[in-house]
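Visitor: So I've got this file, structure-v9.txt, and it contains compact mmCIF, C-alpha atoms and all ligand atoms:
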# COMPACT_ATOMS: atom_id res chain seq x y z
CA MET A 1 -24.19 -10.44 -7.20
CA ASP A 2 -21.61 -7.72 -7.02
CA LYS A 3 -20.61 -8.36 -10.59
CA LYS A 4 -24.10 -7.80 -11.89
CA ASP A 5 -24.37 -4.51 -10.05
CA ASP A 6 -21.07 -3.42 -11.50
CA MET A 7 -22.15 -4.26 -14.99
CA GLU A 8 -25.39 -2.39 -14.73
CA THR A 9 -23.77 0.68 -13.36
CA ALA A 10 -20.96 0.60 -15.85
CA ALA A 11 -23.34 0.06 -18.74
CA SER A 12 -24.95 3.39 -17.99
CA VAL A 13 -21.61 5.14 -18.10
CA HIS A 14 -21.33 5.28 -21.90
CA PRO A 15 -17.79 4.20 -22.65
CA GLY A 16 -15.77 6.78 -24.47
CA ARG A 17 -17.69 9.74 -23.21
CA SER A 18 -17.23 9.13 -19.53
CA SER A 19 -13.58 9.96 -19.06
CA THR A 20 -11.71 12.84 -20.55
CA PRO A 21 -8.76 11.61 -22.55
CA ASP A 22 -5.48 11.49 -20.70
CA PRO A 23 -3.11 13.92 -22.44
CA TRP A 24 -0.03 11.93 -21.42
CA ALA A 25 -1.16 8.37 -22.07
CA ASP A 26 -0.03 8.44 -25.66
CA ASN A 27 3.47 9.51 -24.65
CA VAL A 28 3.81 6.56 -22.31
CA ARG A 29 2.51 4.22 -24.98
CA ARG A 30 5.08 5.53 -27.43
CA VAL A 31 7.86 5.03 -24.91
CA ALA A 32 6.67 1.47 -24.30
CA ALA A 33 6.20 0.53 -27.94
CA ASN A 34 9.04 2.35 -29.68
CA ARG A 35 11.39 3.52 -26.93
CA ASP A 36 10.44 6.93 -28.28
CA ARG A 37 12.86 9.48 -26.85
CA ALA A 38 10.96 12.54 -27.98
CA ALA A 39 7.84 11.27 -26.24
CA PHE A 40 9.87 10.59 -23.12
CA GLN A 41 11.44 14.01 -23.22
CA GLU A 42 7.99 15.61 -23.12
CA LEU A 43 7.11 13.52 -20.11
CA TYR A 44 10.41 14.49 -18.54
CA LYS A 45 9.80 18.16 -19.06
CA HIS A 46 6.30 18.09 -17.67
CA PHE A 47 6.71 15.72 -14.73
CA THR A 48 10.24 16.29 -13.42
CA PRO A 49 9.52 19.56 -11.57
CA MET A 50 6.42 17.97 -10.05
CA ILE A 51 8.15 14.78 -8.94
CA ARG A 52 10.98 16.83 -7.49
CA ALA A 53 8.54 19.02 -5.57
CA PHE A 54 6.77 15.97 -4.17
CA LEU A 55 10.02 14.29 -3.09
CA LEU A 56 11.45 17.42 -1.51
CA LYS A 57 8.36 17.63 0.67
CA SER A 58 7.73 13.98 1.39
CA MET A 59 11.23 12.67 1.96
CA GLY A 60 11.33 14.62 5.15
CA ALA A 61 14.18 16.13 7.06
CA GLY A 62 16.26 13.01 6.50
CA ALA A 63 16.85 13.89 2.89
CA ASN A 64 18.85 16.70 1.43
CA ARG A 65 18.41 18.31 -1.92
CA SER A 66 20.88 16.12 -3.74
CA GLU A 67 19.20 12.98 -2.41
CA ALA A 68 15.85 14.27 -3.58
CA GLU A 69 17.43 14.89 -6.98
CA GLU A 70 18.82 11.37 -7.12
CA ILE A 71 15.44 9.86 -6.22
CA THR A 72 13.78 12.08 -8.85
CA GLN A 73 16.13 10.58 -11.45
CA GLU A 74 15.31 7.13 -10.16
CA VAL A 75 11.59 7.76 -10.62
CA LEU A 76 12.15 8.95 -14.20
CA ILE A 77 14.24 5.90 -15.01
CA LYS A 78 11.41 3.72 -13.71
CA VAL A 79 8.96 5.58 -15.92
CA TRP A 80 11.18 4.67 -18.88
CA ASN A 81 11.69 1.08 -17.79
CA LYS A 82 8.15 0.31 -16.71
CA ALA A 83 6.30 2.06 -19.50
CA ALA A 84 5.02 -1.28 -20.82
CA SER A 85 3.21 -1.95 -17.56
CA PHE A 86 1.21 1.26 -17.79
CA ASN A 87 -2.46 0.53 -18.42
CA SER A 88 -4.45 3.58 -19.41
CA SER A 89 -7.76 1.94 -18.62
CA LYS A 90 -6.76 1.56 -14.99
CA ALA A 91 -5.15 4.83 -14.13
CA SER A 92 -4.07 8.13 -15.56
CA VAL A 93 -0.41 8.88 -16.15
CA ASN A 94 -0.61 11.31 -13.21
CA THR A 95 -1.69 8.51 -10.88
CA TRP A 96 0.75 6.02 -12.34
CA ILE A 97 3.68 8.40 -11.86
CA PHE A 98 2.50 9.34 -8.39
CA THR A 99 2.51 5.68 -7.33
CA ILE A 100 6.00 5.17 -8.76
CA ALA A 101 7.25 8.26 -6.91
CA ARG A 102 5.53 7.17 -3.69
CA ASN A 103 7.04 3.69 -3.86
CA THR A 104 10.51 5.01 -4.65
CA ARG A 105 10.23 7.31 -1.65
CA ILE A 106 9.20 4.43 0.65
CA ASP A 107 12.10 2.42 -0.69
CA PHE A 108 14.52 5.26 -0.02
CA ILE A 109 13.35 5.56 3.58
CA ARG A 110 13.72 1.83 4.13
CA ARG A 111 17.20 1.80 2.59
CA ASN A 112 18.19 4.50 5.03
CA GLU A 113 16.90 2.53 7.97
CA ARG A 114 19.05 -0.38 6.85
CA ASN A 115 16.24 -2.84 7.09
CA GLU A 116 16.54 -6.38 5.91
CA ARG A 117 15.39 -6.41 2.34
CA LYS A 118 13.61 -9.70 2.32
CA ILE A 119 10.72 -8.16 0.55
CA ASP A 120 10.42 -5.52 -2.11
CA ILE A 121 8.29 -2.47 -1.63
CA GLU A 122 6.53 -3.44 -4.82
CA ASP A 123 5.38 -6.69 -3.26
CA ILE A 124 3.29 -4.58 -0.91
CA TRP A 125 2.42 -1.46 -2.87
CA HIS A 126 1.86 -3.06 -6.23
CA GLU A 127 -0.36 -2.19 -9.11
CA PRO A 128 -3.81 -3.53 -8.44
CA GLU A 129 -4.58 -6.46 -10.68
CA SER A 130 -8.14 -5.93 -11.68
CA PRO A 131 -8.98 -7.86 -14.81
CA GLU A 132 -12.46 -6.34 -14.99
CA PRO A 133 -12.51 -3.54 -17.60
CA LEU A 134 -15.91 -2.30 -16.46
CA VAL A 135 -14.56 -1.66 -13.01
CA ASP A 136 -11.62 0.16 -14.58
CA LEU A 137 -14.03 2.38 -16.41
CA GLN A 138 -15.75 3.40 -13.21
CA GLN A 139 -12.35 4.01 -11.77
CA ARG A 140 -11.49 6.52 -14.44
CA ARG A 141 -14.77 8.30 -13.89
CA ALA A 142 -14.05 8.44 -10.16
CA GLU A 143 -10.82 10.23 -10.92
CA GLN A 144 -12.72 13.12 -12.53
CA VAL A 145 -14.99 13.35 -9.50
CA ILE A 146 -11.95 13.57 -7.23
CA LYS A 147 -10.38 16.27 -9.33
CA GLN A 148 -13.50 18.41 -9.34
CA ALA A 149 -14.36 17.93 -5.67
CA MET A 150 -10.83 18.76 -4.55
CA ALA A 151 -11.28 22.32 -5.77
CA THR A 152 -14.19 22.78 -3.37
CA LEU A 153 -12.64 21.36 -0.21
CA PRO A 154 -12.40 23.64 2.82
CA ASP A 155 -8.82 24.54 3.74
CA GLU A 156 -8.81 22.51 6.95
CA GLN A 157 -9.68 19.34 5.01
CA LEU A 158 -7.25 20.01 2.19
CA GLN A 159 -4.53 20.68 4.75
CA VAL A 160 -4.76 17.26 6.40
CA LEU A 161 -4.81 15.51 3.02
CA TYR A 162 -1.83 17.54 1.92
CA LYS A 163 0.13 16.56 5.03
CA ALA A 164 -0.76 12.90 4.61
CA PHE A 165 -0.08 12.57 0.90
CA MET A 166 2.52 15.24 0.13
CA GLU A 167 4.44 15.45 3.40
CA GLY A 168 4.26 11.74 4.10
CA LYS A 169 2.74 12.01 7.54
CA SER A 170 0.57 9.39 9.17
CA HIS A 171 -2.72 10.32 10.84
CA ASN A 172 -0.95 10.30 14.20
CA GLU A 173 1.85 12.55 13.00
CA VAL A 174 -0.61 15.01 11.47
CA ALA A 175 -2.58 15.12 14.71
CA GLU A 176 0.57 15.77 16.70
CA GLU A 177 1.84 18.48 14.39
CA LEU A 178 -1.44 20.37 14.28
CA SER A 179 -2.13 19.78 18.01
CA LEU A 180 -5.44 18.19 17.14
CA PRO A 181 -7.04 15.09 18.59
CA LEU A 182 -6.59 12.06 16.34
CA GLY A 183 -10.36 11.87 16.00
CA THR A 184 -10.48 15.33 14.46
CA VAL A 185 -7.86 14.44 11.85
CA LYS A 186 -9.76 11.26 11.07
CA SER A 187 -13.05 13.04 10.66
CA ARG A 188 -11.59 15.79 8.47
CA ILE A 189 -10.15 13.16 6.17
CA ARG A 190 -13.43 11.25 6.18
CA LEU A 191 -15.41 14.36 5.27
CA ALA A 192 -13.01 15.14 2.43
CA LEU A 193 -13.12 11.56 1.13
CA ASN A 194 -16.91 11.57 1.19
CA LYS A 195 -16.99 14.71 -0.89
CA MET A 196 -14.75 13.03 -3.40
CA GLN A 197 -17.05 10.00 -3.45
CA ILE A 198 -14.41 7.77 -1.90
CA LEU A 199 -16.95 6.01 0.26
CA ILE A 200 -15.13 3.77 2.68
CA ASP A 201 -17.57 2.00 4.97
CA ARG A 202 -15.79 2.35 8.25
CA MET B 1 -17.61 -13.14 1.49
CA VAL B 2 -15.17 -10.67 3.00
CA SER B 3 -17.00 -8.45 5.46
CA PHE B 4 -14.31 -6.93 7.67
CA HIS B 5 -12.20 -4.27 6.00
CA PRO B 6 -9.43 -1.85 6.94
CA ASP B 7 -10.92 1.52 7.89
CA ALA B 8 -10.31 4.84 6.15
CA LYS B 9 -7.28 5.55 8.31
CA PHE B 10 -5.53 2.34 7.30
CA LEU B 11 -6.37 2.76 3.63
CA THR B 12 -5.35 6.42 3.54
CA ASP B 13 -2.07 5.85 5.34
CA PHE B 14 -1.46 2.90 3.02
CA ALA B 15 -2.16 4.81 -0.21
CA ALA B 16 -0.11 7.77 0.97
CA GLY B 17 2.77 5.39 1.71
CA ASN B 18 2.82 6.17 5.41
CA LEU B 19 1.82 2.87 6.92
CA PRO B 20 4.61 0.98 8.70
CA LEU B 21 5.56 -2.23 6.94
CA SER B 22 3.96 -4.71 9.30
CA GLU B 23 0.54 -3.06 8.98
CA ALA B 24 1.07 -2.37 5.28
CA ILE B 25 1.66 -6.07 4.68
CA CYS B 26 -1.65 -6.85 6.37
CA VAL B 27 -3.47 -4.30 4.21
CA ALA B 28 -1.77 -5.65 1.08
CA ALA B 29 -2.84 -9.18 1.99
CA HIS B 30 -6.42 -8.03 2.45
CA LEU B 31 -6.41 -6.19 -0.88
CA GLU B 32 -5.78 -9.42 -2.73
CA PHE B 33 -9.07 -10.75 -1.42
CA CYS B 34 -11.10 -7.56 -1.65
CA SER B 35 -11.87 -5.69 -4.88
CA LYS B 36 -13.78 -3.03 -2.99
CA CYS B 37 -10.76 -1.95 -0.95
CA ARG B 38 -8.54 -2.27 -4.03
CA SER B 39 -10.69 0.25 -5.77
CA HIS B 40 -10.62 2.55 -2.73
CA VAL B 41 -6.83 2.41 -2.70
CA GLN B 42 -6.80 3.23 -6.40
CA GLN B 43 -9.07 6.23 -5.77
CA LEU B 44 -6.82 7.35 -2.93
CA SER B 45 -3.85 7.11 -5.28
CA ASP B 46 -5.76 9.29 -7.75
CA LEU B 47 -6.26 11.71 -4.89
CA GLY B 48 -2.53 11.71 -4.13
CA ALA B 49 -1.78 12.31 -7.80
CA GLN B 50 -4.15 15.28 -7.91
CA LEU B 51 -2.41 16.76 -4.89
CA MET B 52 0.94 16.21 -6.56
CA VAL B 53 -0.01 17.99 -9.77
CA ARG B 54 -1.17 20.99 -7.73
CA LEU B 55 2.24 21.40 -6.08
CA GLU B 56 4.34 24.38 -7.02
CA PRO B 57 6.73 22.79 -9.54
CA GLN B 58 10.31 22.77 -8.36
CA LEU B 59 12.69 23.83 -11.07
CA THR B 60 16.39 23.55 -10.60
CA ALA B 61 18.62 26.37 -11.68
CA ALA B 62 19.51 24.24 -14.68
CA ASP B 63 15.89 23.78 -15.72
CA ALA B 64 15.37 27.50 -15.85
CA ALA B 65 17.41 27.79 -19.00
CA ASP B 66 15.87 25.71 -21.73
CA SER B 67 19.18 24.49 -23.11
CA ASP B 68 20.25 23.29 -19.67
CA GLU B 69 17.02 21.41 -19.23
CA ARG B 70 17.82 19.55 -22.41
CA GLN B 71 21.21 18.80 -20.95
CA GLY B 72 19.59 17.30 -17.85
CA PHE B 73 17.54 15.08 -20.10
CA GLU B 74 20.61 14.02 -22.10
CA GLN B 75 22.38 13.07 -18.91
CA LEU B 76 19.43 10.95 -17.83
CA MET B 77 19.36 9.19 -21.19
CA GLN B 78 23.08 8.53 -20.94
CA ARG B 79 22.48 6.79 -17.63
CA ILE B 80 19.68 4.77 -19.15
CA ASP B 81 21.75 3.85 -22.20
CA ALA B 82 24.68 2.85 -20.05
CA GLY B 83 22.41 0.51 -18.14
CA ASP B 84 23.40 2.35 -14.98
CA THR B 85 19.94 2.08 -13.54
CA GLY B 86 20.08 -0.88 -11.23
CA MET B 87 16.99 -2.33 -12.85
CA THR B 88 15.70 -3.96 -15.94
CA VAL B 89 13.01 -3.03 -18.38
CA THR B 90 9.67 -4.47 -17.34
CA PRO B 91 8.02 -6.48 -20.07
CA ALA B 92 4.26 -6.20 -20.43
CA PRO B 93 2.82 -7.73 -17.26
CA ALA B 94 2.07 -11.41 -17.25
CA GLU B 95 -1.01 -12.51 -15.37
CA PRO B 96 0.19 -13.76 -12.01
CA ALA B 97 -0.80 -17.26 -11.09
CA ARG B 98 -2.81 -16.85 -7.92
CA VAL B 99 -3.02 -20.54 -7.14
CA SER B 100 -0.34 -22.78 -8.51
CA SER B 101 1.53 -25.83 -7.43
CA ALA B 102 4.12 -23.54 -5.89
CA ASN B 103 1.36 -21.82 -3.96
CA PRO B 104 -1.21 -24.49 -3.23
CA LEU B 105 -2.80 -22.49 -0.43
CA GLY B 106 -3.47 -19.50 -2.67
CA LEU B 107 -1.64 -17.22 -0.26
CA PRO B 108 -1.34 -13.51 -1.07
CA ARG B 109 1.74 -12.47 -3.02
CA VAL B 110 3.21 -10.62 -0.09
CA VAL B 111 2.94 -13.68 2.17
CA GLN B 112 4.47 -15.88 -0.50
CA LYS B 113 7.41 -13.51 -0.57
CA LEU B 114 7.80 -13.56 3.19
CA ALA B 115 7.70 -17.33 3.14
CA ALA B 116 9.74 -17.67 -0.01
CA ASP B 117 10.62 -21.30 0.52
CA GLY B 118 7.13 -22.32 1.46
CA VAL B 119 5.10 -21.91 4.59
CA GLN B 120 6.49 -25.12 6.08
CA SER B 121 10.03 -23.76 5.91
CA LEU B 122 9.25 -20.98 8.38
CA LYS B 123 10.35 -21.51 11.95
CA TRP B 124 7.17 -22.72 13.53
CA GLY B 125 6.78 -22.89 17.28
CA GLN B 126 4.13 -25.23 18.65
CA PHE B 127 1.95 -23.89 21.44
CA GLY B 128 -0.42 -26.38 22.91
CA LYS B 129 -2.14 -28.90 20.68
CA SER B 130 -3.79 -26.66 18.20
CA LEU B 131 -1.70 -23.54 17.70
CA ARG B 132 1.54 -23.00 15.78
CA ILE B 133 3.17 -19.61 15.39
CA ALA B 134 5.87 -18.57 12.90
CA PRO B 135 7.32 -15.15 13.70
CA ILE B 136 8.34 -13.12 10.67
CA ARG B 137 11.00 -10.50 11.00
CA ILE B 138 10.31 -7.56 8.78
CA ASP B 139 11.99 -4.53 10.21
CA LYS B 140 13.04 -3.00 13.46
CA SER B 141 9.62 -1.61 14.28
CA SER B 142 7.94 -2.36 17.55
CA ARG B 143 5.40 -4.53 15.80
CA GLU B 144 5.46 -8.29 15.91
CA THR B 145 4.44 -9.97 12.70
CA ALA B 146 3.65 -13.66 12.55
CA LEU B 147 1.70 -16.37 10.81
CA TYR B 148 -0.68 -18.34 13.03
CA ASP B 149 -1.81 -21.81 12.12
CA ILE B 150 -4.74 -23.00 14.19
CA LYS B 151 -5.98 -26.57 13.92
CA ALA B 152 -9.59 -27.18 13.04
CA GLY B 153 -11.67 -26.80 16.13
CA GLY B 154 -8.74 -25.47 18.09
CA ARG B 155 -9.35 -22.87 20.70
CA MET B 156 -7.00 -20.01 21.42
CA PRO B 157 -6.79 -19.01 25.04
CA GLU B 158 -8.65 -15.92 26.03
CA HIS B 159 -6.35 -12.94 25.95
CA GLU B 160 -6.36 -9.24 26.41
CA HIS B 161 -4.58 -6.79 24.14
CA ARG B 162 -2.15 -4.22 25.33
CA GLY B 163 -1.80 -2.83 21.86
CA GLU B 164 -3.54 -3.03 18.56
CA GLU B 165 -3.74 -6.40 16.89
CA ILE B 166 -4.48 -6.91 13.21
CA THR B 167 -5.47 -10.33 11.97
CA VAL B 168 -5.93 -11.13 8.31
CA LEU B 169 -7.48 -14.49 7.62
CA LEU B 170 -5.64 -16.26 4.83
CA LYS B 171 -7.34 -19.64 4.99
CA GLY B 172 -10.20 -21.21 6.91
CA SER B 173 -12.42 -19.35 9.29
CA PHE B 174 -12.79 -18.65 12.96
CA SER B 175 -15.27 -17.06 15.26
CA ASP B 176 -15.39 -15.25 18.54
CA ALA B 177 -18.04 -13.42 20.53
CA GLU B 178 -18.12 -10.66 17.93
CA GLY B 179 -18.82 -12.78 14.91
CA LYS B 180 -17.51 -15.18 12.34
CA TYR B 181 -14.50 -14.35 10.21
CA VAL B 182 -13.71 -15.82 6.82
CA LYS B 183 -10.86 -15.75 4.32
CA GLY B 184 -9.74 -12.21 3.54
CA ASP B 185 -11.27 -10.57 6.60
CA PHE B 186 -9.20 -7.84 8.21
CA VAL B 187 -9.91 -7.79 11.91
CA VAL B 188 -8.57 -5.13 14.26
CA ARG B 189 -8.58 -5.44 18.02
CA HIS B 190 -7.63 -2.51 20.18
CA ALA B 191 -5.80 -2.29 23.46
CA GLY B 192 -7.90 -3.43 26.38
CA GLU B 193 -10.22 -5.65 24.40
CA ARG B 194 -10.48 -9.29 25.38
CA HIS B 195 -11.40 -12.05 23.10
CA GLN B 196 -11.18 -15.74 22.61
CA PRO B 197 -11.05 -16.73 18.99
CA THR B 198 -12.05 -20.25 18.10
CA ALA B 199 -11.24 -21.78 14.78
CA THR B 200 -14.33 -23.39 13.35
CA LEU B 201 -14.38 -27.13 13.31
CA ASP B 202 -14.44 -27.81 9.62
CA THR B 203 -11.05 -26.52 8.60
CA ASP B 204 -7.59 -25.45 9.70
CA CYS B 205 -7.03 -21.77 9.81
CA ILE B 206 -4.03 -19.64 8.80
CA CYS B 207 -3.81 -15.99 9.82
CA LEU B 208 -1.37 -13.18 9.30
CA VAL B 209 -1.06 -11.27 12.55
CA SER B 210 0.49 -7.90 13.35
CA LEU B 211 0.74 -7.12 17.04
CA GLU B 212 1.55 -3.72 18.40
CA GLN B 213 2.85 -5.06 21.68
CA PRO B 214 3.10 -8.46 23.22
CA VAL B 215 -0.24 -9.70 24.38
CA LYS B 216 -0.79 -9.54 28.11
CA PRO B 217 -1.79 -12.95 29.31
CA SER B 218 -5.04 -13.10 31.22
CA SER B 219 -5.30 -16.80 31.91
CA PHE B 220 -3.27 -19.74 30.78
CA TRP B 221 -2.19 -17.72 27.75
CA TYR B 222 0.79 -16.84 29.84
CA ARG B 223 2.03 -20.40 29.84
CA LEU B 224 1.60 -20.47 26.12
CA MET B 225 3.29 -17.19 25.51
CA GLU B 226 6.28 -17.76 27.68
CA PRO B 227 8.01 -20.24 25.40
CA PHE B 228 7.19 -17.95 22.49
CA VAL B 229 8.96 -15.09 24.18
CA GLN B 230 11.94 -17.27 25.02
CA TYR B 231 11.91 -18.62 21.54
CA ARG B 232 12.17 -15.10 20.21
CA LEU B 233 14.83 -14.04 22.64
CA SER B 234 16.95 -17.00 21.68
CA GLY B 235 17.31 -15.44 18.27
CA LEU B 236 14.73 -17.62 16.60
CA GLY B 237 17.13 -20.55 16.74
CA ASN B 238 16.05 -24.18 16.90
ZN ZN A 301 -11.86 -4.76 1.94
Can you turn what I pasted into structure tokens?

Guide:
Amino acid sequence: MDKKDDMETAASVHPGRSSTPDPWADNVRRVAANRDRAAFQELYKHFTPMIRAFLLKSMGAGANRSEAEEITQEVLIKVWNKAASFNSSKASVNTWIFTIARNTRIDFIRRNERNERKIDIEDIWHEPESPEPLVDLQQRRAEQVIKQAMATLPDEQLQVLYKAFMEGKSHNEVAEELSLPLGTVKSRIRLALNKMQILIDR
Amino acid sequence: MVSFHPDAKFLTDFAAGNLPLSEAICVAAHLEFCSKCRSHVQQLSDLGAQLMVRLEPQLTAADAADSDERQGFEQLMQRIDAGDTGMTVTPAPAEPARVSSANPLGLPRVVQKLAADGVQSLKWGQFGKSLRIAPIRIDKSSRETALYDIKAGGRMPEHEHRGEEITVLLKGSFSDAEGKYVKGDFVVRHAGERHQPTATLDTDCICLVSLEQPVKPSSFWYRLMEPFVQYRLSGLGN
């Protein structure tokens, strides 16, 4: 039942026209296929300052600048090593690199807490395995919607998203920091997600 | 069909990487049963990526000069060439076998990892006739994580929650006053709520449970819980 709905919706999307081409996908493909250093260097130049900025903010007070630098290197090495697992129909290079950086950051925090390492971060936060290309197509379209809607978000909604995703703060921590009731943080995030067509039922 | 899902708070904290491990494991287990939530998490990751690309890029002093930036790149490549990366190159992904002889129950990947030598190898404690509990130590958080195995038709004692309880149904089904839960459902109970889950008669039921605080016994649960507590205090031995 769900499948049929998906197919009908996706059929109206017009493959090829629906998603703007990803300017970095070809670079990752070249790294995967040919271990192409020039392609990797372009990725390095574009993404390193961004990854570093994200890690400096999200690793929190526990991390100093040289640790952030080390984790940045680690993310880039993963980009090189995991290039073959990049699937451009599922996600953009931006999203793929963000998830690698996010996972590396979680791993760093766990290492610092000296937890037992019975399980890898990637067993929990792994790439979704969706074998349905039509769903992937909708996914790529959704990404454009998110990008456009983000530009129109009111500051108070963008702020809570920023704290959650870039500063690595949970709903509770955001509420505490901004001296807001948890319900207010939740509803700001909900409003923002609705605008971006991320329609979570509850 | 899965009809109970993690709410926006769980999914957002998960996608942003801010959910403590015990809860994150429950969300990850649910995601394997639920394509809808998988696609939400993917969208939330897109959202995170869009926020990341809007950050003010952080250049190091070395990056500022173009020649030095090239030097930074050369150093990175030297590390990669030397194999000094603590990891191996990932080949193109193979399709994971969801249900295999090694995983006859079709348990989520994360649960398979936690019970690496098979579910039976966990340290199960028997509580009454129909309930077995295997505590799983994940980290030093205040959460308790465990697998529950409830015999077909078994009845859990009524209990009240002091903290939040997440239950993800991995096999079978159960019901309580609120409804019927099937494989994949993600059920959250909050502090102060009372309920009495009953596994349905037709099948055994396995759940992944994350408990914020020990459950406060409200009837004969106490008798059941006491050995569990002792069992834990004794360092999970015997
Ligand atoms: Zn779901």

Visitor: Using all atoms listed in the file, find each residue of chain B with at least one atom at most 9 Å away from an atom of ligand ZN 301 (chain A); report its shortest atom-to-atom pair and that distance in Å (one decimal), sort the rows by chain and rising residue number, and return the result as a Markdown table.

Guide:
| residue | atom | partner | partner_atom | distance |
| --- | --- | --- | --- | --- |
| B:Val2 | CA | A:ZN301 | ZN | 6.9 |
| B:Ser3 | CA | A:ZN301 | ZN | 7.2 |
| B:Phe4 | CA | A:ZN301 | ZN | 6.6 |
| B:His5 | CA | A:ZN301 | ZN | 4.1 |
| B:Pro6 | CA | A:ZN301 | ZN | 6.3 |
| B:Asp7 | CA | A:ZN301 | ZN | 8.7 |
| B:Val27 | CA | A:ZN301 | ZN | 8.7 |
| B:His30 | CA | A:ZN301 | ZN | 6.4 |
| B:Leu31 | CA | A:ZN301 | ZN | 6.3 |
| B:Glu32 | CA | A:ZN301 | ZN | 9.0 |
| B:Phe33 | CA | A:ZN301 | ZN | 7.4 |
| B:Cys34 | CA | A:ZN301 | ZN | 4.6 |
| B:Ser35 | CA | A:ZN301 | ZN | 6.9 |
| B:Lys36 | CA | A:ZN301 | ZN | 5.6 |
| B:Cys37 | CA | A:ZN301 | ZN | 4.2 |
| B:Arg38 | CA | A:ZN301 | ZN | 7.3 |
| B:His40 | CA | A:ZN301 | ZN | 8.8 |
| B:Gly184 | CA | A:ZN301 | ZN | 7.9 |
| B:Asp185 | CA | A:ZN301 | ZN | 7.5 |
| B:Phe186 | CA | A:ZN301 | ZN | 7.5 |

Visitor: At what distance in Å, to one decimal, does CA of Val188 (chain B) lie from CA of Asn172 (chain A)?

Guide: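 That distance, rounded to one decimal, is 17.2 Å.
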
Visitor: If you measure from CA of Ile189 (chain A) to CA of Phe108 (chain A), what distance in Å do you get, rounded to one decimal?

Guide: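 Interatomic distance here is 26.6 Å.
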
Visitor: List every protein, DNA or RNA residue that has an atom no more than 10 Å from (2.9, 0.6, 6.1) in the file's coordinate frame, counting only C-alpha atoms, and report them as a VMD selection string.

Guide: (chain A and resid 106 121 124 to 125 170) or (chain B and resid 10 to 11 13 to 28)

Visitor: Restricting the calculation to all atoms listed in the file, which member of B:Lys123, B:Arg137, B:Arg143, B:Lys151 is positioned closest to chain A?

Guide: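 Using all atoms listed in the file, chain A sits closest to B:Arg137.
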
Visitor: For each of B:Ala29, B:Val209, B:Pro57, B:Ile150, take the minimum atom-to-atom distance to chain A, counting all atoms listed in the file, then give the residue where this is smallest.

Guide: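 Using all atoms listed in the file, chain A sits closest to B:Pro57.
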
Visitor: For chain A, list the residues within 6 Å of chain B, counting all atoms listed in the file, and write the list as an MDAnalysis selection string.

Guide: chainID A and resid 49:50 53 81:82 84:85 94:95 98 115 123:124 165 168 170 202

Visitor: Give me the residues within 7 Å of region 22-24 of chain A as a VMD selection string, counting only C-alpha atoms and dropping any in the same chain fewer than 3 places off.

Guide: chain A and resid 27 to 28 92 to 93
